[in-house]
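This is work.pdb. It holds PDB, C-alpha atoms and all ligand atoms.
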ATOM      1  CA  MET A   4     114.155  92.218  77.688
ATOM      2  CA  LYS A   5     112.353  94.114  80.470
ATOM      3  CA  VAL A   6     110.033  92.475  83.019
ATOM      4  CA  TYR A   7     107.601  94.380  85.277
ATOM      5  CA  ALA A   8     105.999  92.762  88.342
ATOM      6  CA  PRO A   9     103.354  94.693  90.323
ATOM      7  CA  ALA A  10     102.977  95.042  94.068
ATOM      8  CA  THR A  11     100.236  92.955  95.642
ATOM      9  CA  ILE A  12      97.835  92.964  98.599
ATOM     10  CA  ALA A  13      98.034  89.424  99.963
ATOM     11  CA  ASN A  14      95.496  87.777 102.329
ATOM     12  CA  PHE A  15      93.023  90.545 101.411
ATOM     13  CA  GLY A  16      91.130  90.261 104.705
ATOM     14  CA  PRO A  17      89.959  86.685 105.419
ATOM     15  CA  GLY A  18      91.955  84.910 102.702
ATOM     16  CA  PHE A  19      95.164  84.091 104.558
ATOM     17  CA  ASP A  20      97.764  82.620 102.145
ATOM     18  CA  VAL A  21      94.988  82.185  99.510
ATOM     19  CA  PHE A  22      93.626  85.590  98.377
ATOM     20  CA  GLY A  23      95.722  88.257  96.700
ATOM     21  CA  MET A  24      95.187  91.275  94.453
ATOM     22  CA  ALA A  25      97.679  92.983  92.180
ATOM     23  CA  ILE A  26      97.719  96.782  92.442
ATOM     24  CA  GLU A  27      98.666  99.291  89.759
ATOM     25  CA  LYS A  28     101.487 100.933  91.709
ATOM     26  CA  PRO A  29     104.220 100.468  92.826
ATOM     27  CA  GLY A  30     106.143  97.682  91.084
ATOM     28  CA  ASP A  31     109.556  96.125  90.465
ATOM     29  CA  GLU A  32     111.262  96.105  87.083
ATOM     30  CA  VAL A  33     114.073  93.881  85.808
ATOM     31  CA  VAL A  34     116.138  94.297  82.656
ATOM     32  CA  VAL A  35     117.630  90.901  81.827
ATOM     33  CA  LYS A  36     120.386  89.658  79.518
ATOM     34  CA  GLU A  37     121.756  86.149  79.037
ATOM     35  CA  CYS A  38     125.068  85.679  80.837
ATOM     36  CA  ASP A  39     127.446  82.856  81.757
ATOM     37  CA  ASN A  40     126.684  83.269  85.462
ATOM     38  CA  PHE A  41     124.167  85.083  87.726
ATOM     39  CA  ARG A  42     124.758  88.772  88.377
ATOM     40  CA  ILE A  43     122.505  91.567  89.617
ATOM     41  CA  GLU A  44     122.648  95.325  89.878
ATOM     42  CA  VAL A  45     120.078  97.215  92.003
ATOM     43  CA  ILE A  46     118.722 100.763  91.836
ATOM     44  CA  GLY A  47     115.910 102.164  93.999
ATOM     45  CA  HIS A  48     115.050 100.662  97.389
ATOM     46  CA  LYS A  49     117.957  98.950  99.150
ATOM     47  CA  VAL A  50     118.087  95.185  98.753
ATOM     48  CA  PRO A  51     121.111  92.881  98.403
ATOM     49  CA  ALA A  52     122.956  93.099  95.046
ATOM     50  CA  ASP A  53     124.274  89.555  95.254
ATOM     51  CA  GLY A  54     123.101  85.943  95.158
ATOM     52  CA  SER A  55     120.832  86.519  98.173
ATOM     53  CA  ASN A  56     118.598  88.846  96.167
ATOM     54  CA  VAL A  57     115.359  86.915  95.738
ATOM     55  CA  ALA A  58     115.277  87.767  92.023
ATOM     56  CA  VAL A  59     118.560  85.853  91.643
ATOM     57  CA  VAL A  60     117.312  83.032  93.894
ATOM     58  CA  ALA A  61     114.229  82.640  91.680
ATOM     59  CA  ALA A  62     116.171  82.860  88.419
ATOM     60  CA  LYS A  63     118.659  80.235  89.639
ATOM     61  CA  ALA A  64     115.756  78.034  90.771
ATOM     62  CA  LEU A  65     114.303  78.015  87.246
ATOM     63  CA  PHE A  66     117.651  77.129  85.674
ATOM     64  CA  LYS A  67     117.997  74.311  88.218
ATOM     65  CA  LEU A  68     114.450  73.014  87.616
ATOM     66  CA  LEU A  69     115.323  72.738  83.907
ATOM     67  CA  GLY A  70     118.854  71.427  84.441
ATOM     68  CA  GLU A  71     120.234  74.395  82.502
ATOM     69  CA  GLU A  72     123.795  75.756  82.753
ATOM     70  CA  GLY A  73     124.692  79.466  82.409
ATOM     71  CA  GLY A  74     122.885  82.371  84.036
ATOM     72  CA  VAL A  75     121.477  85.871  83.604
ATOM     73  CA  TYR A  76     122.531  89.449  84.296
ATOM     74  CA  MET A  77     119.688  91.466  85.809
ATOM     75  CA  LYS A  78     119.339  95.157  86.544
ATOM     76  CA  LEU A  79     116.613  95.466  89.198
ATOM     77  CA  LYS A  80     114.753  98.745  89.547
ATOM     78  CA  LYS A  81     113.376  98.192  93.064
ATOM     79  CA  GLY A  82     110.149 100.146  93.220
ATOM     80  CA  ILE A  83     108.467  98.318  96.145
ATOM     81  CA  ARG A  84     109.911  98.965  99.591
ATOM     82  CA  PRO A  85     111.052  95.725 101.296
ATOM     83  CA  LYS A  86     109.232  94.550 104.465
ATOM     84  CA  SER A  87     106.275  96.708 103.453
ATOM     85  CA  GLY A  88     103.415  94.219 103.259
ATOM     86  CA  LEU A  89     103.010  95.025  99.547
ATOM     87  CA  GLY A  90     104.585  91.858  98.215
ATOM     88  CA  SER A  91     108.049  93.312  97.770
ATOM     89  CA  SER A  92     109.875  89.997  97.888
ATOM     90  CA  GLY A  93     107.093  88.353  95.866
ATOM     91  CA  ALA A  94     107.352  90.869  93.029
ATOM     92  CA  SER A  95     111.145  90.580  92.792
ATOM     93  CA  SER A  96     110.960  86.789  92.979
ATOM     94  CA  LEU A  97     108.428  86.722  90.172
ATOM     95  CA  ALA A  98     110.380  89.220  88.079
ATOM     96  CA  GLY A  99     113.521  87.091  88.437
ATOM     97  CA  ALA A 100     111.688  83.892  87.496
ATOM     98  CA  VAL A 101     109.996  85.501  84.469
ATOM     99  CA  ALA A 102     113.288  87.085  83.393
ATOM    100  CA  ALA A 103     115.009  83.673  83.472
ATOM    101  CA  ALA A 104     112.006  82.128  81.680
ATOM    102  CA  LYS A 105     112.329  84.646  78.842
ATOM    103  CA  VAL A 106     116.033  83.848  78.435
ATOM    104  CA  LEU A 107     115.364  80.099  78.489
ATOM    105  CA  GLY A 108     112.256  80.277  76.312
ATOM    106  CA  VAL A 109     110.060  78.774  79.069
ATOM    107  CA  GLU A 110     106.307  79.489  79.024
ATOM    108  CA  ASP A 111     105.095  76.972  81.610
ATOM    109  CA  ASP A 112     103.238  78.949  84.320
ATOM    110  CA  GLU A 113     103.675  76.220  86.932
ATOM    111  CA  LEU A 114     107.462  76.093  86.465
ATOM    112  CA  ILE A 115     107.775  79.892  86.583
ATOM    113  CA  ILE A 116     105.703  80.111  89.759
ATOM    114  CA  ARG A 117     107.557  77.200  91.389
ATOM    115  CA  ALA A 118     110.833  79.056  90.754
ATOM    116  CA  ALA A 119     109.418  82.349  92.050
ATOM    117  CA  LEU A 120     108.237  80.629  95.241
ATOM    118  CA  GLU A 121     111.862  79.700  95.959
ATOM    119  CA  GLY A 122     112.542  83.429  96.159
ATOM    120  CA  GLU A 123     109.683  83.816  98.653
ATOM    121  CA  ARG A 124     111.035  80.896 100.666
ATOM    122  CA  ALA A 125     114.448  82.602 100.795
ATOM    123  CA  ALA A 126     112.904  85.935 101.887
ATOM    124  CA  SER A 127     110.435  84.774 104.527
ATOM    125  CA  GLY A 128     111.034  81.083 105.137
ATOM    126  CA  SER A 129     107.698  80.276 103.544
ATOM    127  CA  PRO A 130     106.823  79.634  99.872
ATOM    128  CA  HIS A 131     103.407  81.294 100.181
ATOM    129  CA  GLY A 132     101.870  82.057  96.800
ATOM    130  CA  ASP A 133      99.494  84.945  97.565
ATOM    131  CA  ASN A 134     101.956  87.605  96.424
ATOM    132  CA  VAL A 135     103.697  85.849  93.525
ATOM    133  CA  ILE A 136     100.500  84.513  91.965
ATOM    134  CA  PRO A 137      98.455  87.760  91.848
ATOM    135  CA  SER A 138     101.594  89.582  90.691
ATOM    136  CA  TYR A 139     101.888  87.102  87.826
ATOM    137  CA  TYR A 140      98.241  86.855  86.726
ATOM    138  CA  GLY A 141      96.969  90.272  87.812
ATOM    139  CA  GLY A 142      93.481  90.948  89.098
ATOM    140  CA  PHE A 143      92.247  89.148  92.225
ATOM    141  CA  THR A 144      93.469  85.567  92.563
ATOM    142  CA  ILE A 145      92.335  82.640  94.690
ATOM    143  CA  ILE A 146      94.807  79.782  95.115
ATOM    144  CA  GLU A 147      93.078  76.404  95.131
ATOM    145  CA  SER A 148      96.412  74.603  95.111
ATOM    146  CA  ILE A 149     100.064  75.337  94.400
ATOM    147  CA  SER A 150     101.048  71.879  93.198
ATOM    148  CA  PRO A 151      99.307  71.095  90.991
ATOM    149  CA  LEU A 152      98.867  74.811  90.218
ATOM    150  CA  ARG A 153      95.161  75.656  90.342
ATOM    151  CA  VAL A 154      94.330  79.369  90.454
ATOM    152  CA  HIS A 155      90.957  81.098  90.103
ATOM    153  CA  ARG A 156      91.003  84.707  88.940
ATOM    154  CA  ILE A 157      88.387  87.427  89.386
ATOM    155  CA  ASP A 158      88.731  90.236  86.869
ATOM    156  CA  VAL A 159      87.574  92.953  89.278
ATOM    157  CA  GLU A 160      88.300  96.673  89.022
ATOM    158  CA  LEU A 161      88.550  97.826  92.649
ATOM    159  CA  LYS A 162      89.967 101.140  93.874
ATOM    160  CA  VAL A 163      91.859 100.995  97.172
ATOM    161  CA  ALA A 164      93.443 103.536  99.516
ATOM    162  CA  VAL A 165      96.887 102.412 100.688
ATOM    163  CA  VAL A 166      99.002 103.726 103.560
ATOM    164  CA  LEU A 167     102.634 102.723 104.077
ATOM    165  CA  PRO A 168     104.261 103.807 107.360
ATOM    166  CA  GLU A 169     108.012 104.201 107.823
ATOM    167  CA  VAL A 170     108.257 101.075 109.923
ATOM    168  CA  GLU A 171     109.111  97.520 108.899
ATOM    169  CA  VAL A 172     107.356  94.228 109.582
ATOM    170  CA  PRO A 173     109.426  91.373 108.104
ATOM    171  CA  THR A 174     107.113  88.666 106.803
ATOM    172  CA  SER A 175     109.373  86.080 108.439
ATOM    173  CA  GLU A 176     108.698  87.659 111.861
ATOM    174  CA  ALA A 177     104.979  87.982 111.143
ATOM    175  CA  ARG A 178     104.814  84.271 110.331
ATOM    176  CA  LYS A 179     106.647  83.268 113.495
ATOM    177  CA  VAL A 180     103.841  84.671 115.690
ATOM    178  CA  LEU A 181     101.152  82.563 113.986
ATOM    179  CA  PRO A 182      99.601  79.722 116.021
ATOM    180  CA  GLU A 183      99.851  76.073 114.979
ATOM    181  CA  LYS A 184      96.089  75.742 115.497
ATOM    182  CA  VAL A 185      93.117  78.122 115.627
ATOM    183  CA  PRO A 186      89.730  77.728 117.357
ATOM    184  CA  LEU A 187      87.121  76.006 115.182
ATOM    185  CA  LYS A 188      84.782  79.014 115.510
ATOM    186  CA  ASP A 189      87.477  81.275 114.017
ATOM    187  CA  ALA A 190      88.056  78.902 111.101
ATOM    188  CA  VAL A 191      84.301  78.828 110.427
ATOM    189  CA  LYS A 192      84.089  82.623 110.677
ATOM    190  CA  ASN A 193      86.914  83.046 108.146
ATOM    191  CA  LEU A 194      85.267  80.495 105.838
ATOM    192  CA  ALA A 195      82.049  82.541 106.000
ATOM    193  CA  MET A 196      83.812  85.842 105.341
ATOM    194  CA  ALA A 197      86.084  84.498 102.584
ATOM    195  CA  SER A 198      83.310  82.808 100.619
ATOM    196  CA  SER A 199      81.057  85.868 100.955
ATOM    197  CA  LEU A 200      83.907  88.130  99.856
ATOM    198  CA  VAL A 201      84.351  86.185  96.603
ATOM    199  CA  LEU A 202      80.700  86.803  95.701
ATOM    200  CA  ALA A 203      80.940  90.488  96.672
ATOM    201  CA  LEU A 204      84.025  90.877  94.479
ATOM    202  CA  ARG A 205      82.271  89.305  91.503
ATOM    203  CA  GLU A 206      79.390  91.744  92.006
ATOM    204  CA  GLU A 207      81.807  94.613  92.770
ATOM    205  CA  ASP A 208      79.663  95.305  95.842
ATOM    206  CA  ILE A 209      82.128  97.650  97.560
ATOM    207  CA  GLU A 210      80.153  98.039 100.794
ATOM    208  CA  THR A 211      80.030  94.283 101.331
ATOM    209  CA  ILE A 212      83.687  93.917 100.338
ATOM    210  CA  GLY A 213      84.555  96.509 102.972
ATOM    211  CA  ARG A 214      82.491  94.801 105.680
ATOM    212  CA  LEU A 215      84.339  91.535 105.002
ATOM    213  CA  LEU A 216      87.864  92.927 105.365
ATOM    214  CA  ASP A 217      88.487  91.054 108.603
ATOM    215  CA  ASP A 218      90.486  88.017 109.684
ATOM    216  CA  ARG A 219      90.557  85.598 112.640
ATOM    217  CA  LEU A 220      93.445  83.354 111.458
ATOM    218  CA  ALA A 221      96.465  85.678 111.453
ATOM    219  CA  LEU A 222      95.535  89.268 112.351
ATOM    220  CA  PRO A 223      94.615  88.619 116.014
ATOM    221  CA  TYR A 224      98.117  87.179 116.586
ATOM    222  CA  ARG A 225      99.938  89.793 114.493
ATOM    223  CA  LYS A 226      98.313  92.884 115.995
ATOM    224  CA  LYS A 227     100.998  92.976 118.691
ATOM    225  CA  LEU A 228     103.451  93.737 115.859
ATOM    226  CA  MET A 229     101.189  96.607 114.696
ATOM    227  CA  PRO A 230     100.239  98.719 117.785
ATOM    228  CA  TRP A 231      99.020 101.443 115.444
ATOM    229  CA  PHE A 232      96.413  99.212 113.727
ATOM    230  CA  ASP A 233      93.268 100.168 115.678
ATOM    231  CA  LYS A 234      93.888 103.932 115.502
ATOM    232  CA  VAL A 235      94.537 103.857 111.751
ATOM    233  CA  ARG A 236      91.501 101.626 111.172
ATOM    234  CA  GLU A 237      89.300 103.987 113.204
ATOM    235  CA  ALA A 238      90.585 106.996 111.244
ATOM    236  CA  ALA A 239      89.799 105.282 107.946
ATOM    237  CA  LEU A 240      86.259 104.331 109.045
ATOM    238  CA  ASN A 241      85.625 107.846 110.403
ATOM    239  CA  ALA A 242      86.707 109.205 107.015
ATOM    240  CA  GLY A 243      84.047 107.064 105.363
ATOM    241  CA  ALA A 244      85.816 103.811 104.461
ATOM    242  CA  TYR A 245      83.572 100.740 104.165
ATOM    243  CA  GLY A 246      86.380  98.573 105.459
ATOM    244  CA  VAL A 247      90.102  98.590 106.210
ATOM    245  CA  THR A 248      92.702  96.027 107.173
ATOM    246  CA  VAL A 249      96.370  95.139 106.910
ATOM    247  CA  SER A 250      97.950  94.415 103.534
ATOM    248  CA  GLY A 251      99.758  91.079 103.582
ATOM    249  CA  SER A 252     101.699  90.775 106.825
ATOM    250  CA  GLY A 253     101.956  94.559 107.176
ATOM    251  CA  PRO A 254     102.777  97.279 107.985
ATOM    252  CA  ALA A 255     100.938  98.636 104.945
ATOM    253  CA  MET A 256      97.146  98.923 105.340
ATOM    254  CA  PHE A 257      94.434  99.334 102.738
ATOM    255  CA  ALA A 258      90.820 100.471 102.657
ATOM    256  CA  VAL A 259      87.874 100.343 100.268
ATOM    257  CA  GLY A 260      85.140 102.970 100.035
ATOM    258  CA  GLU A 261      83.951 105.934  97.978
ATOM    259  CA  ASN A 262      86.023 109.007  98.923
ATOM    260  CA  LEU A 263      89.341 107.198  98.985
ATOM    261  CA  ARG A 264      91.566 110.303  98.794
ATOM    262  CA  GLU A 265      90.120 111.472 102.119
ATOM    263  CA  VAL A 266      90.414 107.960 103.548
ATOM    264  CA  ALA A 267      94.078 107.653 102.475
ATOM    265  CA  LYS A 268      94.865 111.079 103.949
ATOM    266  CA  ALA A 269      93.113 110.201 107.215
ATOM    267  CA  MET A 270      95.174 107.021 107.560
ATOM    268  CA  GLY A 271      98.389 108.922 106.876
ATOM    269  CA  GLU A 272      97.462 111.596 109.415
ATOM    270  CA  ALA A 273      96.657 108.940 112.012
ATOM    271  CA  PHE A 274     100.203 107.622 111.685
ATOM    272  CA  GLU A 275     101.647 111.161 111.846
ATOM    273  CA  GLU A 276      99.711 111.760 115.104
ATOM    274  CA  MET A 277     101.532 108.718 116.500
ATOM    275  CA  GLY A 278     104.868 110.132 115.377
ATOM    276  CA  ILE A 279     105.215 107.748 112.440
ATOM    277  CA  ARG A 280     105.731 109.194 108.972
ATOM    278  CA  ALA A 281     103.673 107.468 106.299
ATOM    279  CA  GLU A 282     103.064 107.777 102.608
ATOM    280  CA  TYR A 283      99.599 107.209 101.214
ATOM    281  CA  TRP A 284      97.980 106.940  97.841
ATOM    282  CA  VAL A 285      94.939 105.671  95.957
ATOM    283  CA  THR A 286      95.393 102.930  93.401
ATOM    284  CA  LYS A 287      93.327 100.163  91.884
ATOM    285  CA  THR A 288      93.457  96.526  90.874
ATOM    286  CA  GLY A 289      96.457  96.009  88.626
ATOM    287  CA  ARG A 290      97.169  93.842  85.649
ATOM    288  CA  GLY A 291      99.803  91.148  86.131
ATOM    289  CA  ALA A 292     103.435  90.852  85.163
ATOM    290  CA  LYS A 293     104.429  92.362  81.827
ATOM    291  CA  TRP A 294     107.474  91.761  79.620
ATOM    292  CA  PHE A 295     108.584  93.784  76.613
TER     293      PHE A 295
HETATM  294  N1  LIG B 301     114.654  91.835  95.563
HETATM  295  C1  LIG B 301     114.204  91.841  96.826
HETATM  296  N2  LIG B 301     113.051  92.490  97.143
HETATM  297  C2  LIG B 301     112.595  92.503  98.440
HETATM  298  N3  LIG B 301     113.216  91.898  99.472
HETATM  299  C3  LIG B 301     114.360  91.251  99.177
HETATM  300  C4  LIG B 301     114.890  91.179  97.855
HETATM  301  N4  LIG B 301     116.028  90.449  97.880
HETATM  302  C5  LIG B 301     116.200  90.071  99.165
HETATM  303  N5  LIG B 301     115.218  90.575  99.932
HETATM  304  C6  LIG B 301     115.091  90.395 101.399
HETATM  305  O1  LIG B 301     113.793  89.814 101.730
HETATM  306  C7  LIG B 301     113.299  90.389 102.963
HETATM  307  C8  LIG B 301     111.985  91.136 102.652
HETATM  308  O2  LIG B 301     111.015  90.190 102.591
HETATM  309  P1  LIG B 301     109.556  90.513 103.199
HETATM  310  O3  LIG B 301     109.634  90.847 104.641
HETATM  311  O4  LIG B 301     108.736  89.384 102.776
HETATM  312  O5  LIG B 301     109.122  91.840 102.428
HETATM  313  P2  LIG B 301     107.617  92.088 101.888
HETATM  314  O6  LIG B 301     106.699  91.815 103.036
HETATM  315  O7  LIG B 301     107.563  93.507 101.453
HETATM  316  O8  LIG B 301     107.474  91.097 100.764
HETATM  317  C9  LIG B 301     114.311  91.402 103.411
HETATM  318  O9  LIG B 301     115.164  90.798 104.351
HETATM  319  C10 LIG B 301     115.055  91.731 102.123
HETATM  320  O10 LIG B 301     116.359  92.179 102.399
HETATM  321  N1  LIG B 302     100.115  85.302 103.325
HETATM  322  C1  LIG B 302     101.360  85.962 103.648
HETATM  323  C2  LIG B 302     101.435  87.252 102.847
HETATM  324  C3  LIG B 302     102.693  88.077 103.087
HETATM  325  O1  LIG B 302     102.567  89.268 102.319
HETATM  326  P1  LIG B 302     103.719  90.396 102.373
HETATM  327  O2  LIG B 302     103.319  91.412 101.352
HETATM  328  O3  LIG B 302     103.725  90.946 103.769
HETATM  329  O4  LIG B 302     105.019  89.707 102.041
HETATM  330  C4  LIG B 302     101.431  86.253 105.148
HETATM  331  O5  LIG B 302     100.486  86.875 105.637
HETATM  332  O6  LIG B 302     102.420  85.832 105.801
END
How does this structure look as structure tokens?
Ligand SMILES: Nc1ncnc2c1ncn2[C@@H]1O[C@H](COP(=O)(O)OP(=O)(O)O)[C@@H](O)[C@H]1O
Ligand SMILES: N[C@@H](CCOP(=O)(O)O)C(=O)O
Amino acid sequence: MKVYAPATIANFGPGFDVFGMAIEKPGDEVVVKECDNFRIEVIGHKVPADGSNVAVVAAKALFKLLGEEGGVYMKLKKGIRPKSGLGSSGASSLAGAVAAAKVLGVEDDELIIRAALEGERAASGSPHGDNVIPSYYGGFTIIESISPLRVHRIDVELKVAVVLPEVEVPTSEARKVLPEKVPLKDAVKNLAMASSLVLALREEDIETIGRLLDDRLALPYRKKLMPWFDKVREAALNAGAYGVTVSGSGPAMFAVGENLREVAKAMGEAFEEMGIRAEYWVTKTGRGAKWF
């Protein structure tokens, strides 16, 4: 059995820990077989090939939730670079949970997601759902609650330009710089932007979506981890983007607009001018996890 879990853009502007969108590429893939213990082999981007791999953590978590003995052998084709801001740990965690679910014959979404969140907790110290959940369901997802699991999905088809610099921002570090509290005016501003963004997504109003790609809850405190942010954002806007912001906790950034190839190239060139190599591409809203 093969399981594919797509990369994701979490937060998506003002939706910290709540909004997330699956993207068509890249993704993680797991081939799974029943086994008497838990083993993993990894090809592609470098991640641990032992029990600390979040795919194994998630698979073990599902077995434990169900009180099952035994385990699975997984071969992970790691297509999403770790510490990228593209939901790398989330995709592997989900792939491991779905792989274990297929072996155990489990179809309960809530159990699968609970297990996958244990992988996220292991990777970043936080069981945030805005990578795992859009990677599972696809499209654009809004998390009302994790337990009980209440997710709202918008079936939007949105093209995005993505840039991924050759630097790392571990999610765990990006969460450590967050404040315990935020000013009321910032909370109200995010509420205004997030609720407006949902309507703009439903109408596929790209200009309004772009204008709303901002955040007062996390980005102001994380920008010190991303000194390149303003230059890359300016390059994207000058190339015609309607809006641009960080993907997840970074360093990846994404933009919406019309001429996205030029926008992606401009963001990549902005990094190069700062001496940072970066890859860039155009993709669009992805479907969720697949198994075959
Ligand atoms: N299968 C895996 N995929 C990604 N990261 C993994 C995996 N297994 C363990 N890790 C560890 O999790 C951390 C990456 O998590 P994180 O910073 O959240 O990446 P991202 O922001 O891309 O999701 C790294 O320390 C990495 O070594
Ligand atoms: N809401 C989380 C999202 C982390 O996304 P990632 O792709 O960087 O793992 C956060 O902002 O901490």
(message) Could you list, as a count of residues only, all residues that come within 9 Å of ligand LIG 302 (chain B)? Count all atoms listed in the file.
(response) 44
Draw an axis-aligned box tight on the listed atoms of ligand LIG 301 (chain B), then pad every side by 6 Å and write out centre and edge lengths in Å to one decimal as AutoDock Vina command-line options.
--center_x 111.5 --center_y 91.4 --center_z 100.1 --size_x 21.7 --size_y 16.1 --size_z 21.1
(message) Excluding A:Glu113 and its own-chain neighbours fewer than 3 positions away, which residues fall within 7 Å of it when counting all atoms listed in the file? Please give them as a VMD selection string.
(response) chain A and resid 116 to 117 152
Export of prior selection with C-alpha atoms as an mmCIF file, keeping the file's coordinate frame:
data_model
loop_
_atom_site.group_PDB
_atom_site.id
_atom_site.type_symbol
_atom_site.label_atom_id
_atom_site.label_comp_id
_atom_site.auth_asym_id
_atom_site.auth_seq_id
_atom_site.Cartn_x
_atom_site.Cartn_y
_atom_site.Cartn_z
ATOM 1 C CA ILE A 116 105.703 80.111 89.759
ATOM 2 C CA ARG A 117 107.557 77.200 91.389
ATOM 3 C CA LEU A 152 98.867 74.811 90.218
#
(request) Decode the PyMOL selection byres (((chain A and resi 9) around 10) and not hetatm) for the given file into explicit residues and return them as a PyMOL selection string. (result) chain A and resi 7-8+10-11+24-32+82-83+89-91+93-95+97-98+134-135+137-139+141+289-293
(message) Expand the PyMOL selection byres (((chain A and resi 199-210) around 9) and not hetatm) into the explicit residue set it covers here, and present it as a ChimeraX atom specification.
(response) /A:16-17,143,145,157-161,194-198,211-216,244-246,259-261
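Using all atoms listed in the file, the smallest distance between any of A:Ser96, A:Asn262, A:Asn193, A:Asn40 and ligand LIG 301 (chain B) comes from A:Ser96.
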(message) So that I can see what lies close to A:Pro168, please list as a PyMOL selection string the residues with an atom at most 10 Å from it, counting all atoms listed in the file and leaving out residues fewer than 5 positions away in the same chain.
(response) chain A and resi 87+231+253-256+270-271+274-275+279-283
(request) Convert the output of the PyMOL selection byres (((chain A and resi 75) around 10) and not hetatm) on the shown file into explicit residues, formatted as a PyMOL selection string. (result) chain A and resi 35-43+59+62-63+66+73-74+76-78+99+102-103+106-107
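Distance-wise, atom CA of A:Ala269 and atom CA of A:Lys287 end up 18.3 Å apart.
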(message) Restricting the calculation to only C-alpha atoms: of A:Val170, A:Leu220, A:Val163, A:Val45, which residue gets closest to A:Asp189?
(response) A:Leu220
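We find atom CA of A:Ala52 and atom P1 of ligand LIG 301 (chain B) to be spaced 15.9 Å apart.
Pairwise distance (atom CA of A:Lys192, atom CA of A:Arg225) equals 17.8 Å.
The closest residue to ligand LIG 301 (chain B), picked from A:Glu171, A:Glu71, A:Glu121, A:Asp111 and counting all atoms listed in the file, is A:Glu171.
Among the candidate residues A:Gly128, A:Glu110, A:Ser55, A:Val33, the one lying nearest to ligand LIG 301 (chain B) is A:Ser55, with distances computed using all atoms listed in the file.
Minimum distance to A:Gly54 across A:Glu265, A:Gly122, A:Ala258, A:Thr144 (counting all atoms listed in the file) occurs at A:Gly122.
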